[in-house]
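Printed here is work.cif (mmCIF, C-alpha atoms and all ligand atoms):
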data_work
#
loop_
_atom_site.label_atom_id
_atom_site.label_comp_id
_atom_site.auth_asym_id
_atom_site.auth_seq_id
_atom_site.Cartn_x
_atom_site.Cartn_y
_atom_site.Cartn_z
CA MET X 1 -13.78 -10.19 1.28
CA HIS X 2 -13.04 -12.40 4.24
CA ARG X 3 -11.64 -12.12 7.70
CA ARG X 4 -8.07 -12.66 6.61
CA ALA X 5 -7.93 -9.61 4.34
CA ALA X 6 -6.23 -6.32 5.07
CA LEU X 7 -5.81 -2.97 3.36
CA LEU X 8 -2.32 -1.72 2.52
CA VAL X 9 -2.00 1.93 1.53
CA VAL X 10 1.41 2.44 -0.06
CA ASP X 11 3.42 5.65 0.38
CA VAL X 12 0.74 8.35 0.23
CA GLN X 13 3.24 10.92 1.49
CA VAL X 14 3.66 14.65 0.94
CA ASP X 15 6.80 14.21 -1.23
CA PHE X 16 4.99 11.90 -3.66
CA CYS X 17 2.10 14.31 -4.20
CA PRO X 18 2.01 17.44 -6.37
CA GLY X 19 4.33 20.06 -4.84
CA GLY X 20 6.49 17.37 -3.22
CA ALA X 21 10.14 16.49 -3.89
CA LEU X 22 9.29 13.46 -6.05
CA ALA X 23 5.74 14.18 -7.10
CA VAL X 24 3.77 11.48 -8.86
CA PRO X 25 1.69 13.28 -11.51
CA LYS X 26 -1.84 13.65 -10.09
CA GLY X 27 -0.75 11.45 -7.18
CA ASP X 28 -3.18 13.28 -4.89
CA LEU X 29 -6.14 11.98 -6.92
CA VAL X 30 -5.81 8.62 -5.17
CA ILE X 31 -6.55 10.21 -1.79
CA PRO X 32 -10.36 10.53 -1.87
CA VAL X 33 -10.65 7.02 -3.30
CA LEU X 34 -8.32 5.57 -0.66
CA ASN X 35 -10.38 7.35 1.99
CA GLY X 36 -13.35 5.36 0.70
CA TYR X 37 -11.43 2.09 1.10
CA LEU X 38 -10.17 3.14 4.53
CA GLU X 39 -13.74 3.77 5.65
CA LEU X 40 -14.86 0.42 4.28
CA PHE X 41 -12.08 -1.63 5.90
CA LYS X 42 -12.43 0.26 9.17
CA ARG X 43 -16.18 -0.39 9.22
CA ARG X 44 -15.58 -4.11 8.66
CA GLY X 45 -12.92 -4.23 11.37
CA SER X 46 -10.29 -5.34 8.86
CA PRO X 47 -6.66 -4.43 9.58
CA ILE X 48 -5.24 -1.35 7.90
CA PHE X 49 -1.57 -0.82 7.10
CA ALA X 50 0.04 2.32 5.68
CA SER X 51 3.58 2.08 4.36
CA ARG X 52 5.92 5.03 4.18
CA ASP X 53 9.22 5.65 2.44
CA TRP X 54 11.51 6.59 5.33
CA HIS X 55 15.01 7.33 4.06
CA PRO X 56 18.08 8.61 5.86
CA GLN X 57 19.54 11.85 4.42
CA GLU X 58 22.59 9.87 3.24
CA SER X 59 20.50 7.25 1.36
CA ARG X 60 22.29 5.78 -1.66
CA HIS X 61 18.88 5.92 -3.35
CA PHE X 62 19.30 9.70 -3.81
CA ILE X 63 21.03 11.34 -6.81
CA GLU X 64 23.35 13.29 -4.51
CA ASN X 65 24.66 9.97 -3.13
CA GLY X 66 24.90 8.10 -6.42
CA GLY X 67 21.29 6.95 -6.81
CA ILE X 68 18.59 7.93 -9.30
CA TRP X 69 16.05 9.93 -7.30
CA PRO X 70 15.94 13.47 -5.96
CA ALA X 71 16.05 13.37 -2.17
CA HIS X 72 12.57 12.55 -0.83
CA CYS X 73 10.81 11.25 2.26
CA VAL X 74 13.74 11.91 4.55
CA GLN X 75 13.00 10.59 8.05
CA GLN X 76 11.25 13.12 10.31
CA THR X 77 10.83 15.76 7.58
CA GLN X 78 7.57 17.34 6.46
CA GLY X 79 7.86 15.66 3.05
CA ALA X 80 7.88 12.23 4.68
CA GLN X 81 4.56 12.80 6.47
CA PHE X 82 1.45 11.07 5.22
CA HIS X 83 -0.56 13.45 3.05
CA PRO X 84 -2.82 15.47 5.36
CA GLY X 85 -5.85 14.61 3.19
CA LEU X 86 -5.47 10.88 3.87
CA VAL X 87 -7.82 9.86 6.67
CA LEU X 88 -5.92 7.11 8.47
CA PRO X 89 -7.88 5.53 11.32
CA GLU X 90 -6.20 5.51 14.70
CA GLU X 91 -5.65 1.75 14.52
CA THR X 92 -3.59 2.01 11.32
CA ILE X 93 -0.28 0.16 11.55
CA VAL X 94 2.56 2.15 9.99
CA ILE X 95 5.19 0.25 8.03
CA SER X 96 8.48 2.06 7.37
CA LYS X 97 10.82 1.06 4.56
CA GLY X 98 13.99 2.23 2.85
CA ILE X 99 15.41 2.99 6.28
CA ALA X 100 18.94 1.72 5.70
CA LYS X 101 21.49 3.71 3.73
CA TRP X 102 21.87 1.03 1.05
CA ASP X 103 18.23 0.08 0.84
CA ASP X 104 16.01 1.45 -1.96
CA GLY X 105 13.05 0.13 -0.02
CA TYR X 106 10.64 -0.14 -2.91
CA SER X 107 8.76 -3.09 -1.43
CA ALA X 108 6.63 -2.58 1.66
CA MET X 109 7.13 -6.32 2.28
CA GLN X 110 10.68 -5.37 3.35
CA GLY X 111 9.34 -2.80 5.79
CA VAL X 112 9.08 -2.89 9.57
CA THR X 113 6.64 -1.64 12.19
CA GLU X 114 7.52 1.05 14.70
CA HIS X 115 8.62 -1.81 16.97
CA ASP X 116 10.93 -3.14 14.23
CA THR X 117 8.77 -6.19 13.53
CA PRO X 118 9.18 -7.23 9.90
CA PHE X 119 5.91 -6.64 8.03
CA VAL X 120 5.75 -10.15 6.56
CA MET X 121 6.23 -11.66 10.02
CA LEU X 122 3.42 -9.50 11.38
CA LEU X 123 1.07 -10.48 8.54
CA LYS X 124 1.72 -14.15 9.24
CA HIS X 125 1.29 -13.66 12.96
CA MET X 126 -2.05 -11.94 12.32
CA ARG X 127 -3.00 -14.81 10.00
CA LEU X 128 -3.68 -12.44 7.14
CA ASP X 129 -3.38 -13.91 3.67
CA HIS X 130 -4.91 -11.31 1.38
CA LEU X 131 -3.74 -7.76 0.76
CA TYR X 132 -5.77 -5.07 -0.97
CA VAL X 133 -3.13 -2.68 -2.27
CA GLY X 134 -3.41 0.93 -3.43
CA GLY X 135 -1.29 4.07 -3.34
CA LEU X 136 1.91 5.37 -4.92
CA ALA X 137 3.62 4.68 -7.15
CA THR X 138 2.15 2.04 -9.45
CA ASP X 139 5.42 1.49 -11.32
CA TYR X 140 7.72 1.35 -8.26
CA CYS X 141 6.57 0.71 -4.74
CA VAL X 142 3.11 -0.67 -5.53
CA ARG X 143 4.62 -2.95 -8.17
CA GLU X 144 7.48 -4.23 -5.99
CA THR X 145 5.17 -4.68 -3.02
CA ALA X 146 2.54 -6.63 -4.97
CA LEU X 147 5.07 -8.85 -6.74
CA GLU X 148 6.85 -9.69 -3.51
CA ALA X 149 3.59 -10.32 -1.67
CA LEU X 150 2.53 -12.74 -4.41
CA LYS X 151 5.91 -14.45 -4.21
CA GLU X 152 5.44 -14.79 -0.44
CA GLY X 153 2.13 -16.57 -1.09
CA PHE X 154 -0.33 -13.79 -0.29
CA ASN X 155 -3.39 -13.08 -2.41
CA VAL X 156 -3.16 -9.59 -3.83
CA THR X 157 -5.97 -7.38 -5.08
CA LEU X 158 -4.87 -4.18 -6.78
CA LEU X 159 -7.11 -1.21 -6.18
CA ALA X 160 -7.11 -0.07 -9.79
CA ASP X 161 -8.85 3.23 -9.07
CA ALA X 162 -6.46 4.13 -6.24
CA VAL X 163 -2.99 3.85 -7.76
CA ARG X 164 -0.87 6.30 -9.78
CA GLY X 165 2.54 5.95 -11.42
CA VAL X 166 5.71 8.03 -11.72
CA GLU X 167 5.80 7.23 -15.47
CA LEU X 168 9.46 8.07 -16.12
CA GLN X 169 8.46 6.54 -19.46
CA ALA X 170 4.90 6.71 -20.71
CA GLY X 171 3.19 3.36 -20.32
CA ASN X 172 5.20 2.22 -17.28
CA SER X 173 2.12 2.11 -15.07
CA ASP X 174 0.11 0.06 -17.55
CA ARG X 175 3.04 -2.31 -17.96
CA ALA X 176 3.38 -2.62 -14.19
CA MET X 177 -0.34 -3.39 -13.82
CA ALA X 178 -0.10 -6.07 -16.53
CA GLU X 179 2.95 -7.57 -14.83
CA MET X 180 1.20 -7.74 -11.45
CA VAL X 181 -1.88 -9.34 -12.98
CA HIS X 182 0.31 -11.80 -14.86
CA ALA X 183 1.96 -12.71 -11.55
CA GLY X 184 -1.46 -13.47 -10.09
CA ALA X 185 -2.93 -10.24 -8.75
CA ASP X 186 -6.65 -9.50 -9.06
CA MET X 187 -8.01 -6.05 -9.76
CA ALA X 188 -10.88 -4.29 -8.06
CA THR X 189 -12.41 -0.85 -7.69
CA LEU X 190 -14.32 0.78 -4.87
CA THR X 191 -17.52 0.18 -6.83
CA SER X 192 -16.79 -3.51 -7.49
CA ILE X 193 -15.85 -4.15 -3.86
CA GLY X 194 -18.92 -2.23 -2.67
CA SER X 195 -21.26 -4.36 -4.77
CA MET X 196 -19.45 -7.55 -3.73
CA LEU X 197 -20.02 -6.62 -0.08
CA VAL X 198 -23.68 -5.89 -0.74
CA SER X 199 -24.15 -9.33 -2.30
CA GLU X 200 -22.18 -10.98 0.55
CA GLY X 201 -24.41 -9.12 2.98
CA GLU X 202 -27.52 -10.31 1.18
CA ALA X 203 -26.22 -13.88 1.19
CA ALA X 204 -25.62 -13.62 4.94
CA ILE X 205 -29.13 -12.29 5.48
CA ALA X 206 -30.58 -15.06 3.28
CA ASN X 207 -28.66 -17.67 5.31
CA ASP X 208 -29.98 -16.19 8.55
CA ARG X 209 -33.52 -16.50 7.23
CA GLN X 210 -32.96 -20.13 6.27
CA SER X 211 -31.38 -21.15 9.55
CA PRO X 212 -33.77 -22.51 12.21
CA PRO X 213 -34.76 -20.09 14.98
C1 LIG M 301 9.02 5.31 -4.70
C2 LIG M 301 10.62 6.09 -6.13
C3 LIG M 301 11.51 6.23 -5.09
C4 LIG M 301 7.62 4.82 -4.51
C5 LIG M 301 9.90 5.43 -3.65
O1 LIG M 301 7.06 4.98 -3.39
O2 LIG M 301 7.03 4.30 -5.48
N1 LIG M 301 9.40 5.63 -5.94
N2 LIG M 301 11.13 5.89 -3.86
ZN ZN M 302 12.27 6.29 -2.06
#

In structure tokens, how does this file's structure come out?
Ligand code: VGL
Ligand code: ZN
Amino acid sequence: MHRRAALLVVDVQVDFCPGGALAVPKGDLVIPVLNGYLELFKRRGSPIFASRDWHPQESRHFIENGGIWPAHCVQQTQGAQFHPGLVLPEETIVISKGIAKWDDGYSAMQGVTEHDTPFVMLLKHMRLDHLYVGGLATDYCVRETALEALKEGFNVTLLADAVRGVELQAGNSDRAMAEMVHAGADMATLTSIGSMLVSEGEAAIANDRQSPP
């Protein structure tokens, strides 16, 4: 993992977790794992982004307005809050998406910061070129986000142990994962990243030993 990498936690909001308006089955199981990644990225001083679905009440994405989803993540409501179990560091940059009435907002790459800066523009400005992506839901927002990020030229690593799907049809999450990998995404887990960092750390120590005093 290098200096140009960042963590992107996608849509870990109350409405997408069990008990919420559009609950992803077992969606809350990603939370402790994501907390591990958050700790790791925070410790390394790597940027952390958290996207949120942030729809207006009159969103065309909702069944009541002609869309396909029960109303969820309506701006300013309890259901739109990040899940209280998710430990977001203070420096987390929040990316809101699906804000416009006609916008499904599946991809976080279409999102904006609280100052209305487009996310992609911010990533380029920060010279970040690699996103580690986890969250909800594998078969919608994670998928759209990863595919668009790859199309935009970013490296994408999917956090395979920290994603969950809606699974309107069984197998949708697996298909989405295969699609993202086919498009060029890598996969990692907290364990694989942990051991990679240990070996990077050892390499750095070895280099220090070799370098002249
Ligand atoms: C999502 C369905 C509708 C997601 C958002 O975050 O994956 N899914 N809106
Ligand atoms: Zn939505």

- Task: Could you tell me which of X:Leu7, X:Met177, X:Leu40, X:Ala21 comes closest to X:Val74 if we count all atoms listed in the file?
- Result: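 Result for the nearest residue to X:Val74: X:Ala21.
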
Can you write out as a tab-separated table which residues of chain X fall within 9 Å of ligand LIG 301 (chain M), alongside each residue's closest atom pair and its distance in Å to one decimal, counting all atoms listed in the file and ordering rows by chain and ascending residue number?
residue	atom	partner	partner_atom	distance
X:Val10	CA	M:LIG301	O1	7.0
X:Asp11	CA	M:LIG301	O1	5.3
X:Val12	CA	M:LIG301	O1	8.0
X:Gln13	CA	M:LIG301	O1	8.6
X:Phe16	CA	M:LIG301	O1	7.2
X:Leu22	CA	M:LIG301	C2	7.5
X:Val24	CA	M:LIG301	O2	8.6
X:Ser51	CA	M:LIG301	O1	9.0
X:Arg52	CA	M:LIG301	O1	7.7
X:Asp53	CA	M:LIG301	C5	6.1
X:His55	CA	M:LIG301	N2	8.9
X:His61	CA	M:LIG301	C3	7.6
X:Phe62	CA	M:LIG301	C3	8.6
X:Ile68	CA	M:LIG301	C3	8.4
X:Trp69	CA	M:LIG301	C3	6.3
X:Pro70	CA	M:LIG301	C3	8.5
X:Ala71	CA	M:LIG301	C3	9.0
X:His72	CA	M:LIG301	N2	7.5
X:Cys73	CA	M:LIG301	N2	8.1
X:Gly98	CA	M:LIG301	N2	8.2
X:Asp104	CA	M:LIG301	N2	6.9
X:Gly105	CA	M:LIG301	C5	7.2
X:Tyr106	CA	M:LIG301	C5	5.7
X:Ser107	CA	M:LIG301	O1	8.5
X:Gly135	CA	M:LIG301	O1	8.4
X:Leu136	CA	M:LIG301	O2	5.3
X:Ala137	CA	M:LIG301	O2	3.8
X:Thr138	CA	M:LIG301	O2	6.7
X:Asp139	CA	M:LIG301	O2	6.7
X:Tyr140	CA	M:LIG301	O2	4.1
X:Cys141	CA	M:LIG301	O2	3.7
X:Val142	CA	M:LIG301	O2	6.3
X:Arg143	CA	M:LIG301	O2	8.1
X:Glu144	CA	M:LIG301	O2	8.6
X:Gly165	CA	M:LIG301	O2	7.6
X:Val166	CA	M:LIG301	N1	7.3

- Looking at only C-alpha atoms, which of X:Gln76, X:Glu114, X:Ser59, X:His2 is the one that sits closest to X:Glu200? X:His2

- Query: Which residue out of X:Asn172, X:Ser96, X:Gln78, X:Ser192 has the minimum interatomic distance to ligand ZN 302 (chain M) when only C-alpha atoms and all ligand atoms are used?
  - Reply: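 Of X:Asn172, X:Ser96, X:Gln78, X:Ser192, the one nearest ligand ZN 302 (chain M) is X:Ser96, counting only C-alpha atoms and all ligand atoms.
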
Which residues of stretch 90-172 of chain X come within 7 Å of stretch 185-188 of chain X, and for each one, what is the closest pair of atoms and their distance in Å to one decimal, counting all atoms listed in the file, sorted by chain and residue number, as a tab-separated table?
residue	atom	partner	partner_atom	distance
X:Asn155	CA	X:Ala185	CA	7.0
X:Val156	CA	X:Ala185	CA	5.0
X:Thr157	CA	X:Asp186	CA	4.6
X:Leu158	CA	X:Met187	CA	4.7
X:Leu159	CA	X:Ala188	CA	5.2
X:Ala160	CA	X:Ala188	CA	5.9

- Mind checking which residues fall within 12 Å of X:Arg3, counting only C-alpha atoms, ignoring those fewer than 2 positions away in the same chain, and posting them as JSON, numbers by chain? {"X": [1, 5, 6, 7, 41, 44, 45, 46, 47, 126, 127, 128, 129, 130, 131]}

- Message: Between atom CA of X:Gly67 and atom CA of X:Asp15, what is the distance in Å, rounded to a tenth?
- Response: 17.1 Å

Could you produce a table of the residues of stretch 124-185 of chain X lying within 8 Å of stretch 28-36 of chain X, with the nearest pair of atoms per residue and their separation in Å rounded to one decimal, using only C-alpha atoms, ordered by chain and increasing residue number, as a tab-separated table?
residue	atom	partner	partner_atom	distance
X:Gly134	CA	X:Leu34	CA	7.3
X:Gly135	CA	X:Val30	CA	6.7
X:Asp161	CA	X:Val33	CA	7.1
X:Ala162	CA	X:Val30	CA	4.7
X:Val163	CA	X:Val30	CA	6.1
X:Arg164	CA	X:Val30	CA	7.1

- Task: Dig up all the protein and nucleic acid residues within 12 Å of (8.6, -6.3, 10.7) in the file frame, using only C-alpha atoms, and format them as an MDAnalysis selection string.
- Result: chainID X and resid 51 93:97 108:125

- Length of the atom CA of X:Val133 to atom CA of X:Thr145 vector [Å]: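 Going from atom CA of X:Val133 over to atom CA of X:Thr145, I get 8.6 Å.
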